[in-house]
Structure formats: structure tokens, C-alpha cells
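Below is query-v8.cif, which holds mmCIF, C-alpha atoms.
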data_structure
#
loop_
_atom_site.group_PDB
_atom_site.id
_atom_site.type_symbol
_atom_site.label_atom_id
_atom_site.label_comp_id
_atom_site.auth_asym_id
_atom_site.auth_seq_id
_atom_site.Cartn_x
_atom_site.Cartn_y
_atom_site.Cartn_z
ATOM 1 C CA MET A 1 8.227 6.347 8.505
ATOM 2 C CA LYS A 2 9.885 9.551 7.359
ATOM 3 C CA LYS A 3 12.344 7.579 5.246
ATOM 4 C CA GLU A 4 9.463 5.653 3.691
ATOM 5 C CA ASN A 5 7.517 8.813 2.846
ATOM 6 C CA ASN A 6 10.617 10.298 1.260
ATOM 7 C CA ILE A 7 10.929 7.340 -1.085
ATOM 8 C CA LEU A 8 7.673 8.035 -2.905
ATOM 9 C CA GLU A 9 8.394 11.747 -2.928
ATOM 10 C CA GLN A 10 11.792 10.985 -4.415
ATOM 11 C CA ILE A 11 10.321 8.827 -7.168
ATOM 12 C CA GLY A 12 7.506 11.246 -7.935
ATOM 13 C CA LYS A 13 4.327 10.752 -9.945
ATOM 14 C CA LYS A 14 5.645 11.005 -13.473
ATOM 15 C CA ASN A 15 4.011 8.583 -15.908
ATOM 16 C CA PRO A 16 6.803 6.277 -17.094
ATOM 17 C CA TYR A 17 4.796 4.824 -19.973
ATOM 18 C CA LYS A 18 4.369 6.207 -23.453
ATOM 19 C CA VAL A 19 2.249 5.396 -26.489
ATOM 20 C CA PRO A 20 3.122 4.915 -30.161
ATOM 21 C CA GLU A 21 3.024 8.066 -32.271
ATOM 22 C CA ASN A 22 -0.510 9.228 -33.260
ATOM 23 C CA TYR A 23 -1.983 6.410 -31.202
ATOM 24 C CA PHE A 24 -4.943 8.318 -29.819
ATOM 25 C CA GLU A 25 -5.885 9.914 -33.133
ATOM 26 C CA ASP A 26 -5.746 6.522 -34.832
ATOM 27 C CA PHE A 27 -7.704 4.899 -32.024
ATOM 28 C CA ALA A 28 -10.517 7.432 -32.259
ATOM 29 C CA ASN A 29 -10.698 7.046 -36.043
ATOM 30 C CA ASN A 30 -10.787 3.266 -35.756
ATOM 31 C CA MET A 31 -13.536 3.454 -33.167
ATOM 32 C CA ASP A 32 -15.546 5.693 -35.507
ATOM 33 C CA LYS A 33 -15.283 3.095 -38.264
ATOM 34 C CA LEU A 34 -16.170 0.306 -35.875
ATOM 35 C CA ILE A 35 -19.234 2.101 -34.505
ATOM 36 C CA ASP A 36 -20.343 3.038 -38.017
ATOM 37 C CA SER A 37 -20.245 -0.604 -39.012
ATOM 38 C CA MET A 38 -22.404 -1.587 -36.046
ATOM 39 C CA PRO A 39 -26.179 -1.110 -35.907
ATOM 40 C CA LEU A 40 -27.733 1.314 -33.471
ATOM 41 C CA PRO A 41 -28.397 -0.424 -30.148
ATOM 42 C CA GLU A 42 -31.936 -1.749 -30.013
ATOM 43 C CA GLY A 43 -34.300 0.679 -28.367
ATOM 44 C CA ILE A 44 -32.496 3.899 -29.254
ATOM 45 C CA GLY A 45 -35.059 6.646 -29.714
ATOM 46 C CA GLU A 46 -37.804 4.790 -27.819
ATOM 47 C CA ASN A 47 -36.876 6.343 -24.481
ATOM 48 C CA LEU A 48 -36.739 9.928 -25.637
ATOM 49 C CA GLU A 49 -40.117 10.766 -24.131
ATOM 50 C CA GLU A 50 -39.190 8.988 -20.902
ATOM 51 C CA THR A 51 -36.124 11.175 -20.356
ATOM 52 C CA PRO A 52 -35.729 11.401 -16.558
ATOM 53 C CA VAL A 53 -35.832 15.200 -16.395
ATOM 54 C CA ALA A 54 -37.167 17.290 -13.554
ATOM 55 C CA GLU A 55 -40.919 17.759 -13.449
ATOM 56 C CA THR A 56 -41.921 20.220 -16.156
ATOM 57 C CA LYS A 57 -44.108 23.197 -15.381
ATOM 58 C CA PRO A 58 -47.538 23.457 -16.977
ATOM 59 C CA ALA A 59 -47.500 26.125 -19.711
ATOM 60 C CA GLY A 60 -48.077 29.666 -18.340
ATOM 61 C CA LYS A 61 -48.214 28.469 -14.707
ATOM 62 C CA SER A 62 -45.556 28.019 -12.044
ATOM 63 C CA LEU A 63 -45.774 25.233 -9.450
ATOM 64 C CA SER A 64 -46.870 26.285 -5.971
ATOM 65 C CA LEU A 65 -45.238 24.947 -2.832
ATOM 66 C CA VAL A 66 -48.228 22.670 -2.243
ATOM 67 C CA ASP A 67 -47.933 21.237 -5.767
ATOM 68 C CA LYS A 68 -44.254 20.527 -5.151
ATOM 69 C CA LEU A 69 -44.949 18.812 -1.841
ATOM 70 C CA LYS A 70 -47.888 16.715 -3.096
ATOM 71 C CA PRO A 71 -45.786 13.783 -4.409
ATOM 72 C CA LEU A 72 -43.850 13.611 -1.108
ATOM 73 C CA MET A 73 -47.089 13.677 0.880
ATOM 74 C CA ARG A 74 -48.482 10.818 -1.197
ATOM 75 C CA VAL A 75 -45.379 8.728 -0.544
ATOM 76 C CA ALA A 76 -45.473 9.537 3.183
ATOM 77 C CA ALA A 77 -49.145 8.502 3.376
ATOM 78 C CA VAL A 78 -48.471 5.179 1.639
ATOM 79 C CA VAL A 79 -45.536 4.432 3.942
ATOM 80 C CA ALA A 80 -47.625 5.256 7.042
ATOM 81 C CA ILE A 81 -50.504 3.005 5.934
ATOM 82 C CA LEU A 82 -48.174 0.122 5.073
ATOM 83 C CA SER A 83 -46.284 0.438 8.371
ATOM 84 C CA GLY A 84 -49.490 0.444 10.390
ATOM 85 C CA THR A 85 -50.960 -2.535 8.550
ATOM 86 C CA SER A 86 -47.737 -4.530 8.882
ATOM 87 C CA TYR A 87 -47.537 -3.809 12.603
ATOM 88 C CA LEU A 88 -51.124 -4.951 13.205
ATOM 89 C CA ALA A 89 -50.595 -8.115 11.171
ATOM 90 C CA VAL A 90 -47.292 -9.052 12.739
ATOM 91 C CA GLN A 91 -48.088 -8.208 16.382
ATOM 92 C CA PRO A 92 -50.155 -11.350 17.183
ATOM 93 C CA ILE A 93 -47.497 -13.562 15.631
ATOM 94 C CA ILE A 94 -44.771 -11.949 17.738
ATOM 95 C CA GLU A 95 -46.846 -12.332 20.881
ATOM 96 C CA GLN A 96 -47.437 -16.014 20.173
ATOM 97 C CA ALA A 97 -43.759 -16.600 19.536
ATOM 98 C CA LYS A 98 -42.847 -14.871 22.819
ATOM 99 C CA ASN A 99 -45.276 -17.046 24.746
ATOM 100 C CA GLU A 100 -43.928 -20.220 23.189
ATOM 101 C CA GLN A 101 -40.389 -19.154 24.000
ATOM 102 C CA MET A 102 -41.291 -18.572 27.652
ATOM 103 C CA MET A 103 -42.941 -21.979 27.880
ATOM 104 C CA MET A 104 -39.902 -23.662 26.352
ATOM 105 C CA ALA A 105 -37.575 -21.851 28.770
ATOM 106 C CA GLU A 106 -39.502 -23.211 31.729
ATOM 107 C CA ILE A 107 -39.190 -26.843 30.687
ATOM 108 C CA GLU A 108 -35.839 -26.785 28.844
ATOM 109 C CA PHE A 109 -32.758 -27.939 30.719
ATOM 110 C CA THR A 110 -29.352 -26.909 29.511
ATOM 111 C CA GLU A 111 -26.405 -29.247 29.926
ATOM 112 C CA GLU A 112 -25.166 -27.036 32.752
ATOM 113 C CA ASP A 113 -28.468 -27.450 34.592
ATOM 114 C CA TYR A 114 -28.285 -31.220 34.059
ATOM 115 C CA GLN A 115 -24.779 -31.403 35.534
ATOM 116 C CA TYR A 116 -25.811 -29.296 38.534
ATOM 117 C CA LEU A 117 -28.778 -31.523 39.174
ATOM 118 C CA LEU A 118 -26.652 -34.652 38.808
ATOM 119 C CA ASP A 119 -24.229 -33.389 41.454
ATOM 120 C CA ASP A 120 -27.125 -32.943 43.797
ATOM 121 C CA TYR A 121 -28.688 -36.319 43.098
ATOM 122 C CA GLU A 122 -25.364 -38.224 42.939
ATOM 123 C CA THR A 123 -26.450 -40.578 40.243
ATOM 124 C CA GLU A 124 -28.166 -40.190 36.940
ATOM 125 C CA ASP A 125 -30.823 -42.773 37.894
ATOM 126 C CA MET A 126 -31.829 -40.879 41.014
ATOM 127 C CA TYR A 127 -32.151 -37.700 38.957
ATOM 128 C CA TYR A 128 -34.545 -39.305 36.472
ATOM 129 C CA ILE A 129 -36.656 -40.919 39.215
ATOM 130 C CA LEU A 130 -36.953 -37.722 41.198
ATOM 131 C CA THR A 131 -37.676 -35.416 38.243
ATOM 132 C CA ASP A 132 -40.293 -37.777 36.779
ATOM 133 C CA ASN A 133 -42.220 -37.645 40.011
ATOM 134 C CA GLN A 134 -42.552 -33.829 39.981
ATOM 135 C CA MET B 1 -17.972 19.391 -28.390
ATOM 136 C CA ASN B 2 -15.481 19.440 -25.509
ATOM 137 C CA LYS B 3 -15.296 17.861 -22.058
ATOM 138 C CA ASN B 4 -17.334 20.644 -20.487
ATOM 139 C CA ASP B 5 -20.311 19.716 -22.647
ATOM 140 C CA PHE B 6 -20.524 16.322 -20.968
ATOM 141 C CA LYS B 7 -21.156 17.763 -17.548
ATOM 142 C CA ASP B 8 -24.900 17.977 -18.167
ATOM 143 C CA ASN B 9 -25.834 14.336 -17.632
ATOM 144 C CA GLN B 10 -29.402 14.739 -18.818
ATOM 145 C CA GLU B 11 -28.299 16.407 -22.047
ATOM 146 C CA VAL B 12 -25.806 13.594 -22.690
ATOM 147 C CA PHE B 13 -28.562 11.077 -22.058
ATOM 148 C CA ARG B 14 -30.845 12.847 -24.510
ATOM 149 C CA LEU B 15 -28.216 13.051 -27.235
ATOM 150 C CA LEU B 16 -27.246 9.398 -26.860
ATOM 151 C CA ASN B 17 -30.860 8.282 -27.062
ATOM 152 C CA ASP B 18 -31.613 10.279 -30.185
ATOM 153 C CA PRO B 19 -30.911 8.251 -33.362
ATOM 154 C CA ALA B 20 -29.926 11.464 -35.151
ATOM 155 C CA THR B 21 -27.168 12.376 -32.682
ATOM 156 C CA CYS B 22 -26.266 9.049 -31.076
ATOM 157 C CA LYS B 23 -23.216 8.152 -33.133
ATOM 158 C CA SER B 24 -21.726 11.639 -33.330
ATOM 159 C CA THR B 25 -22.125 12.095 -29.586
ATOM 160 C CA PHE B 26 -20.497 8.751 -28.901
ATOM 161 C CA SER B 27 -17.641 9.631 -31.226
ATOM 162 C CA ASN B 28 -17.070 12.832 -29.253
ATOM 163 C CA ILE B 29 -17.174 10.907 -26.013
ATOM 164 C CA VAL B 30 -14.475 8.569 -27.321
ATOM 165 C CA ARG B 31 -12.264 11.491 -28.326
ATOM 166 C CA THR B 32 -12.824 13.314 -25.062
ATOM 167 C CA PHE B 33 -12.245 10.477 -22.621
ATOM 168 C CA GLN B 34 -10.053 7.933 -24.431
ATOM 169 C CA GLN B 35 -6.775 9.170 -22.952
ATOM 170 C CA ARG B 36 -7.955 9.193 -19.389
ATOM 171 C CA LEU B 37 -9.419 5.704 -19.689
ATOM 172 C CA TYR B 38 -6.375 4.412 -21.566
ATOM 173 C CA TRP B 39 -3.962 5.466 -18.832
ATOM 174 C CA HIS B 40 -6.243 4.061 -16.145
ATOM 175 C CA ILE B 41 -6.078 0.701 -17.930
ATOM 176 C CA ARG B 42 -2.415 0.886 -18.935
ATOM 177 C CA LYS B 43 -1.238 1.457 -15.378
ATOM 178 C CA MET B 44 -2.952 -1.792 -14.428
ATOM 179 C CA VAL B 45 -1.774 -4.006 -17.266
ATOM 180 C CA SER B 46 1.465 -2.225 -18.251
ATOM 181 C CA VAL B 47 1.537 -3.621 -21.785
ATOM 182 C CA HIS B 48 0.346 -1.177 -24.454
ATOM 183 C CA ASP B 49 -1.224 -3.823 -26.713
ATOM 184 C CA ASP B 50 -3.266 -5.210 -23.834
ATOM 185 C CA ALA B 51 -4.364 -1.733 -22.794
ATOM 186 C CA ASN B 52 -5.392 -1.008 -26.376
ATOM 187 C CA ASP B 53 -7.537 -4.150 -26.545
ATOM 188 C CA ILE B 54 -9.186 -3.452 -23.223
ATOM 189 C CA LEU B 55 -9.880 0.166 -24.152
ATOM 190 C CA GLN B 56 -11.499 -0.925 -27.379
ATOM 191 C CA ASN B 57 -13.604 -3.503 -25.539
ATOM 192 C CA THR B 58 -14.605 -0.804 -23.061
ATOM 193 C CA PHE B 59 -15.993 1.465 -25.741
ATOM 194 C CA ILE B 60 -17.669 -1.368 -27.622
ATOM 195 C CA LYS B 61 -19.345 -2.493 -24.426
ATOM 196 C CA ALA B 62 -20.364 1.084 -23.685
ATOM 197 C CA TRP B 63 -21.850 1.417 -27.177
ATOM 198 C CA LYS B 64 -23.793 -1.848 -26.945
ATOM 199 C CA ASN B 65 -25.118 -0.916 -23.515
ATOM 200 C CA ILE B 66 -25.687 2.756 -24.202
ATOM 201 C CA LEU B 67 -29.312 2.447 -23.125
ATOM 202 C CA LYS B 68 -28.164 1.470 -19.644
ATOM 203 C CA TYR B 69 -26.716 4.930 -19.200
ATOM 204 C CA ARG B 70 -29.621 6.766 -17.590
ATOM 205 C CA GLY B 71 -27.980 10.129 -17.000
ATOM 206 C CA ASP B 72 -27.952 9.661 -13.225
ATOM 207 C CA ALA B 73 -24.150 9.628 -13.050
ATOM 208 C CA ASN B 74 -21.483 11.463 -14.950
ATOM 209 C CA ILE B 75 -20.703 9.728 -18.265
ATOM 210 C CA LEU B 76 -17.010 9.480 -17.373
ATOM 211 C CA THR B 77 -17.852 7.714 -14.093
ATOM 212 C CA TRP B 78 -19.958 5.261 -16.064
ATOM 213 C CA LEU B 79 -17.139 4.641 -18.563
ATOM 214 C CA TYR B 80 -14.598 4.310 -15.776
ATOM 215 C CA ARG B 81 -16.692 1.538 -14.236
ATOM 216 C CA ILE B 82 -16.811 -0.350 -17.518
ATOM 217 C CA ALA B 83 -13.069 0.111 -18.074
ATOM 218 C CA THR B 84 -12.305 -1.062 -14.545
ATOM 219 C CA ASN B 85 -14.447 -4.170 -14.899
ATOM 220 C CA GLU B 86 -12.951 -4.991 -18.289
ATOM 221 C CA THR B 87 -9.458 -4.624 -16.844
ATOM 222 C CA LEU B 88 -10.191 -6.843 -13.863
ATOM 223 C CA ASP B 89 -11.804 -9.450 -16.135
ATOM 224 C CA TYR B 90 -8.748 -9.388 -18.359
ATOM 225 C CA LEU B 91 -6.402 -9.833 -15.405
ATOM 226 C CA ASN B 92 -8.503 -12.666 -13.972
ATOM 227 C CA SER B 93 -8.571 -14.495 -17.282
ATOM 228 C CA SER B 94 -4.854 -13.937 -17.626
ATOM 229 C CA TYR B 95 -4.256 -15.529 -14.217
ATOM 230 C CA SER B 96 -6.468 -18.502 -15.122
ATOM 231 C CA LYS B 97 -4.615 -18.964 -18.380
ATOM 232 C CA HIS B 98 -1.270 -19.065 -16.630
ATOM 233 C CA ALA B 99 -2.407 -20.886 -13.504
ATOM 234 C CA GLY B 100 0.069 -23.496 -12.465
ATOM 235 C CA GLU B 101 2.908 -21.801 -14.277
ATOM 236 C CA SER B 102 5.806 -20.721 -12.134
ATOM 237 C CA VAL B 103 5.925 -17.223 -13.624
ATOM 238 C CA ASP B 104 3.455 -14.747 -12.106
ATOM 239 C CA PHE B 105 2.275 -11.272 -13.089
ATOM 240 C CA GLU B 106 4.947 -9.564 -11.046
ATOM 241 C CA THR B 107 7.760 -11.554 -12.605
ATOM 242 C CA ASN B 108 6.286 -11.148 -16.083
ATOM 243 C CA LEU B 109 6.103 -7.417 -15.568
ATOM 244 C CA SER B 110 9.698 -7.327 -14.447
ATOM 245 C CA SER B 111 10.987 -8.924 -17.643
ATOM 246 C CA HIS B 112 8.541 -6.884 -19.735
ATOM 247 C CA LEU B 113 9.671 -3.535 -18.348
ATOM 248 C CA ASN B 114 13.270 -4.372 -19.103
ATOM 249 C CA ASN B 115 12.466 -4.864 -22.787
ATOM 250 C CA ASP B 116 9.582 -2.518 -23.484
ATOM 251 C CA PRO B 117 10.410 0.447 -25.761
ATOM 252 C CA LEU B 118 7.191 2.121 -24.553
ATOM 253 C CA PHE B 119 8.482 2.271 -21.002
ATOM 254 C CA GLU B 120 10.801 5.214 -20.403
ATOM 255 C CA GLY B 121 11.103 5.224 -16.622
ATOM 256 C CA ASP B 122 14.390 5.175 -14.740
ATOM 257 C CA GLU B 123 15.433 2.436 -12.292
ATOM 258 C CA LEU B 124 13.496 3.930 -9.397
ATOM 259 C CA GLU B 125 10.349 4.248 -11.484
ATOM 260 C CA LYS B 126 10.780 0.657 -12.649
ATOM 261 C CA LEU B 127 11.075 -0.394 -9.025
ATOM 262 C CA LEU B 128 7.913 1.535 -8.195
ATOM 263 C CA GLN B 129 6.019 -0.248 -10.970
ATOM 264 C CA LYS B 130 7.180 -3.617 -9.652
ATOM 265 C CA ALA B 131 6.122 -2.633 -6.159
ATOM 266 C CA ILE B 132 2.694 -1.639 -7.445
ATOM 267 C CA ALA B 133 2.461 -4.915 -9.383
ATOM 268 C CA SER B 134 2.948 -6.809 -6.120
ATOM 269 C CA LEU B 135 -0.348 -5.391 -4.758
ATOM 270 C CA PRO B 136 -3.650 -7.260 -5.138
ATOM 271 C CA ASP B 137 -5.557 -6.043 -8.204
ATOM 272 C CA LYS B 138 -8.168 -3.944 -6.444
ATOM 273 C CA GLN B 139 -5.646 -2.372 -4.125
ATOM 274 C CA ARG B 140 -3.493 -1.599 -7.151
ATOM 275 C CA LEU B 141 -6.466 0.164 -8.705
ATOM 276 C CA VAL B 142 -6.963 2.265 -5.596
ATOM 277 C CA PHE B 143 -3.270 3.139 -5.409
ATOM 278 C CA ASN B 144 -3.064 4.175 -9.080
ATOM 279 C CA MET B 145 -6.227 6.246 -8.957
ATOM 280 C CA ARG B 146 -5.168 8.092 -5.824
ATOM 281 C CA TYR B 147 -1.411 8.367 -6.266
ATOM 282 C CA PHE B 148 -1.090 9.051 -9.992
ATOM 283 C CA ASP B 149 -4.538 10.427 -10.919
ATOM 284 C CA GLU B 150 -5.057 12.208 -7.555
ATOM 285 C CA MET B 151 -8.715 11.306 -7.819
ATOM 286 C CA PRO B 152 -10.938 12.434 -4.927
ATOM 287 C CA TYR B 153 -12.150 9.587 -2.740
ATOM 288 C CA ALA B 154 -15.780 10.523 -3.442
ATOM 289 C CA GLU B 155 -15.249 9.957 -7.157
ATOM 290 C CA MET B 156 -13.355 6.723 -6.550
ATOM 291 C CA SER B 157 -16.180 5.545 -4.325
ATOM 292 C CA GLU B 158 -18.681 6.098 -7.152
ATOM 293 C CA ILE B 159 -16.552 4.236 -9.655
ATOM 294 C CA LEU B 160 -15.531 1.296 -7.506
ATOM 295 C CA GLY B 161 -18.696 1.012 -5.435
ATOM 296 C CA THR B 162 -16.685 0.993 -2.216
ATOM 297 C CA SER B 163 -17.050 3.310 0.766
ATOM 298 C CA GLU B 164 -14.679 6.229 1.089
ATOM 299 C CA SER B 165 -13.413 5.001 4.441
ATOM 300 C CA ALA B 166 -12.575 1.585 2.990
ATOM 301 C CA LEU B 167 -10.760 3.258 0.108
ATOM 302 C CA LYS B 168 -8.735 5.432 2.458
ATOM 303 C CA THR B 169 -7.730 2.392 4.463
ATOM 304 C CA SER B 170 -6.854 0.464 1.324
ATOM 305 C CA TYR B 171 -4.746 3.311 -0.017
ATOM 306 C CA HIS B 172 -2.943 3.814 3.269
ATOM 307 C CA LEU B 173 -2.044 0.108 3.397
ATOM 308 C CA ALA B 174 -1.022 0.125 -0.260
ATOM 309 C CA VAL B 175 1.378 3.001 0.317
ATOM 310 C CA LYS B 176 2.986 1.161 3.218
ATOM 311 C CA LYS B 177 3.379 -2.009 1.159
ATOM 312 C CA VAL B 178 4.849 -0.146 -1.799
ATOM 313 C CA GLU B 179 7.338 1.743 0.342
ATOM 314 C CA LYS B 180 8.329 -1.413 2.194
ATOM 315 C CA TYR B 181 8.863 -3.247 -1.095
ATOM 316 C CA ILE B 182 11.077 -0.524 -2.510
ATOM 317 C CA LEU B 183 13.126 -0.165 0.644
ATOM 318 C CA SER B 184 13.662 -3.925 0.843
ATOM 319 C CA ILE B 185 15.178 -3.977 -2.641
ATOM 320 C CA ARG B 186 17.249 -0.831 -2.452
#

Written form, C-alpha cells:
Amino acid sequence: MKKENNILEQIGKKNPYKVPENYFEDFANNMDKLIDSMPLPEGIGENLEETPVAETKPAGKSLSLVDKLKPLMRVAAVVAILSGTSYLAVQPIIEQAKNEQMMMAEIEFTEEDYQYLLDDYETEDMYYILTDNQ
Amino acid sequence: MNKNDFKDNQEVFRLLNDPATCKSTFSNIVRTFQQRLYWHIRKMVSVHDDANDILQNTFIKAWKNILKYRGDANILTWLYRIATNETLDYLNSSYSKHAGESVDFETNLSSHLNNDPLFEGDELEKLLQKAIASLPDKQRLVFNMRYFDEMPYAEMSEILGTSESALKTSYHLAVKKVEKYILSIR
């Protein structure tokens, strides 16, 4: 491990590549020409009023703590109402599903159960006769 | 305008969305970040001409989609993402083009480095580049960004959309592979 770590340290992090002379200056100038030849992207200037800046203060008045908390309280109220409504709506469905599952468990035989029963009844025919009569 | 002026994301957003300042701001962005993006791309593709094409495509794509920049992330992070995707797309299309051929990227790189006047590394550095070329593309990205650029994992996570823990694991494995490759040749 030490030998491996030394290898990268020995090689170092020097960039072994280089660029043609004046490449970056030329690239920037070419990009300027290219962008100049292209139209402004559609919609530029339309979003200026929708700039996602922090809430601005009303002129001559600073926001109180209550004013700052109001948006959060609104969100919390909506979440609470939605959660409660969803719970009430979903609860009967869950209960019904649970009941159905219990009923299925009572009458459902797994393969393991079948094999166990077969051993007891010796033959498959005897098993069917006996279980039908229950 | 220098790099420090682009730290205020909201201000950048405003300038880019104003028809009066859009083009000049974009021009400054190109001048400010072109080198960093170029080297990010070049280390992946090795060939200068390819890196030049990808860099140009990156900025053209950024210009056409300038309205998608909402000022919620740093502009460089946003450009890095575009450059990374363009590079990966280029590499994928390059693999498809040469699918079925016996020569792969690693072998191509090997012959390219031997003849490229824009590569001035010594034998060890050449070996390192071949070792890096043997990594899968995304792991190569992680290795380059961490090893050469010394980028913090948090920043890498934002650019690549991968968790920091996954990046750390990827980098750790990449280092092992690179070292093993070099030692096996030497």
C-alpha cells in the first residue's frame, strides 16, 4: 500500500497537456462572434419581474417576526389538513384489506402444509376426502 | 467583470435575463470560466481538437438554455454540468462509432500520446494518463476532479448529482486501480 501511494506522489499532479498559442484568447473572441450572430434566446427579459429574490420589504416598514412566519404557518396548516384527510380516507380501505388477508390466511394452504397433511393421511385421496368433509 | 462578480447568483441571473446586458455578461462568463471548463474536458478526451469542439458546444448549449439557469446554483456549477454531459455524450458516441473495432479508447490514447505535440508529459505521466484512460468514464471524471482539480466532494456532488459518500468510494477505488495499473507495467 505504501509503495502504491508513493507512485502517485512520485508522478505528481502536473498537467501534462498544453494548448496552442493564444488559444484561449482566440476561443473567447470566436465565441463572441458566434453569440453575436445568434438571436437572443426566446423569453429573455420576460422573467425579469419574476426574479427569485428574497421577499422584499414594504416601503418604510420592516417585517415583523409574525409576518416572516406567516408563510410557514400556512404551509404547515395545509400539510396538517391534507394528512388528516388522507388518513381518514385511507383507514377504512386498510382495515378491509387486513380483514381479507386474515380470511385468506385461514383458508390458504402452503405447499409445506399440504406435504405435512399428506404424510399424515398417507395418500392424496384420503387427504381430499377428509378435508372435504370438514 | 472578474470571477468574484459571479458569486452573487441572483445578480448573475438578473444580468443574463436582461436583454441589455445578456450578451456582455455571457461573454464575460466565457472569458472567466473557459480555461477551467476546457481542462475538465481535455483531461477526459485528451485530444485538443475534441476538447475544443466540446467546449464550444458547452457554451452554445449554455447560451441557448440560458433561461434554465435560475440562479439557484453557482453559474460555474451549472456550466460544469453541461460540460460534463457534453463530454460523456461525445465519448458515448465515439464508442458507438467505433463499436466492433479492435482498437479501444485506451489503445487509441496510447498511440495518440506518443505523437501529440500538445502533450509534454514524461514517461511516468504518460503511464498515468493511460492508467486513467483504463477507468470507466464516470470514475475517470471523479478521479480527475479530485486528483488534479482537488475539488471538494460537496462541489463534485452538486455537479455530478451523486452523493458525497459514493464519490469518496469511487475515488478510493479509482486510485487503487490507477496505482495497480502503473505498478503492473513498471

message: Can you measure CA of Gln34 (chain B) to CA of Tyr23 (chain A) for me? One decimal in Å is fine.
response: 10.6 Å

- request: Extract, using only C-alpha atoms, all DNA, RNA and protein residues at most 12 Å from region 132-138 of chain B, discarding same-chain residues fewer than 4 positions from it, and format them as JSON, numbers by chain.
  value: {"A": [8], "B": [41, 43, 44, 45, 46, 84, 85, 87, 88, 89, 90, 91, 92, 95, 104, 105, 106, 107, 108, 109, 110, 113, 125, 126, 127, 128, 142, 143, 144, 145, 147, 148, 156, 160, 161, 162, 166, 167, 170, 171, 173, 174, 175, 176, 177, 178, 179, 180, 181, 182]}

Padding of 5 Å on every side, edges along x, y and z, all listed atoms of region 43-53 of chain B included: what centre and edge lengths in Å, to one decimal, does that box have, as lines of an AutoDock Vina configuration file?
center_x = -3.0
center_y = -1.9
center_z = -20.6
size_x = 19.1
size_y = 16.7
size_z = 22.3

message: Counting all atoms listed in the file, which residue out of B:Trp63, B:Tyr153, B:Phe6, B:Tyr80 sits closest to chain A?
response: B:Trp63

- prompt: Given a cut-off of 9 Å, which residues of chain A touch chain B, counting only C-alpha atoms, written out as number ranges by chain?
  reply: A: 4-5, 7-8, 10-20, 24-25, 27-29, 31-32, 34-36, 40-48, 51-53

- request: Could you please determine the separation between CA of Glu9 (chain A) and CA of His172 (chain B) in Å, to one decimal place?
  value: 15.2 Å

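Rounded to one decimal, CA of Thr21 (chain B) and CA of Trp78 (chain B) lie 19.5 Å from each other.
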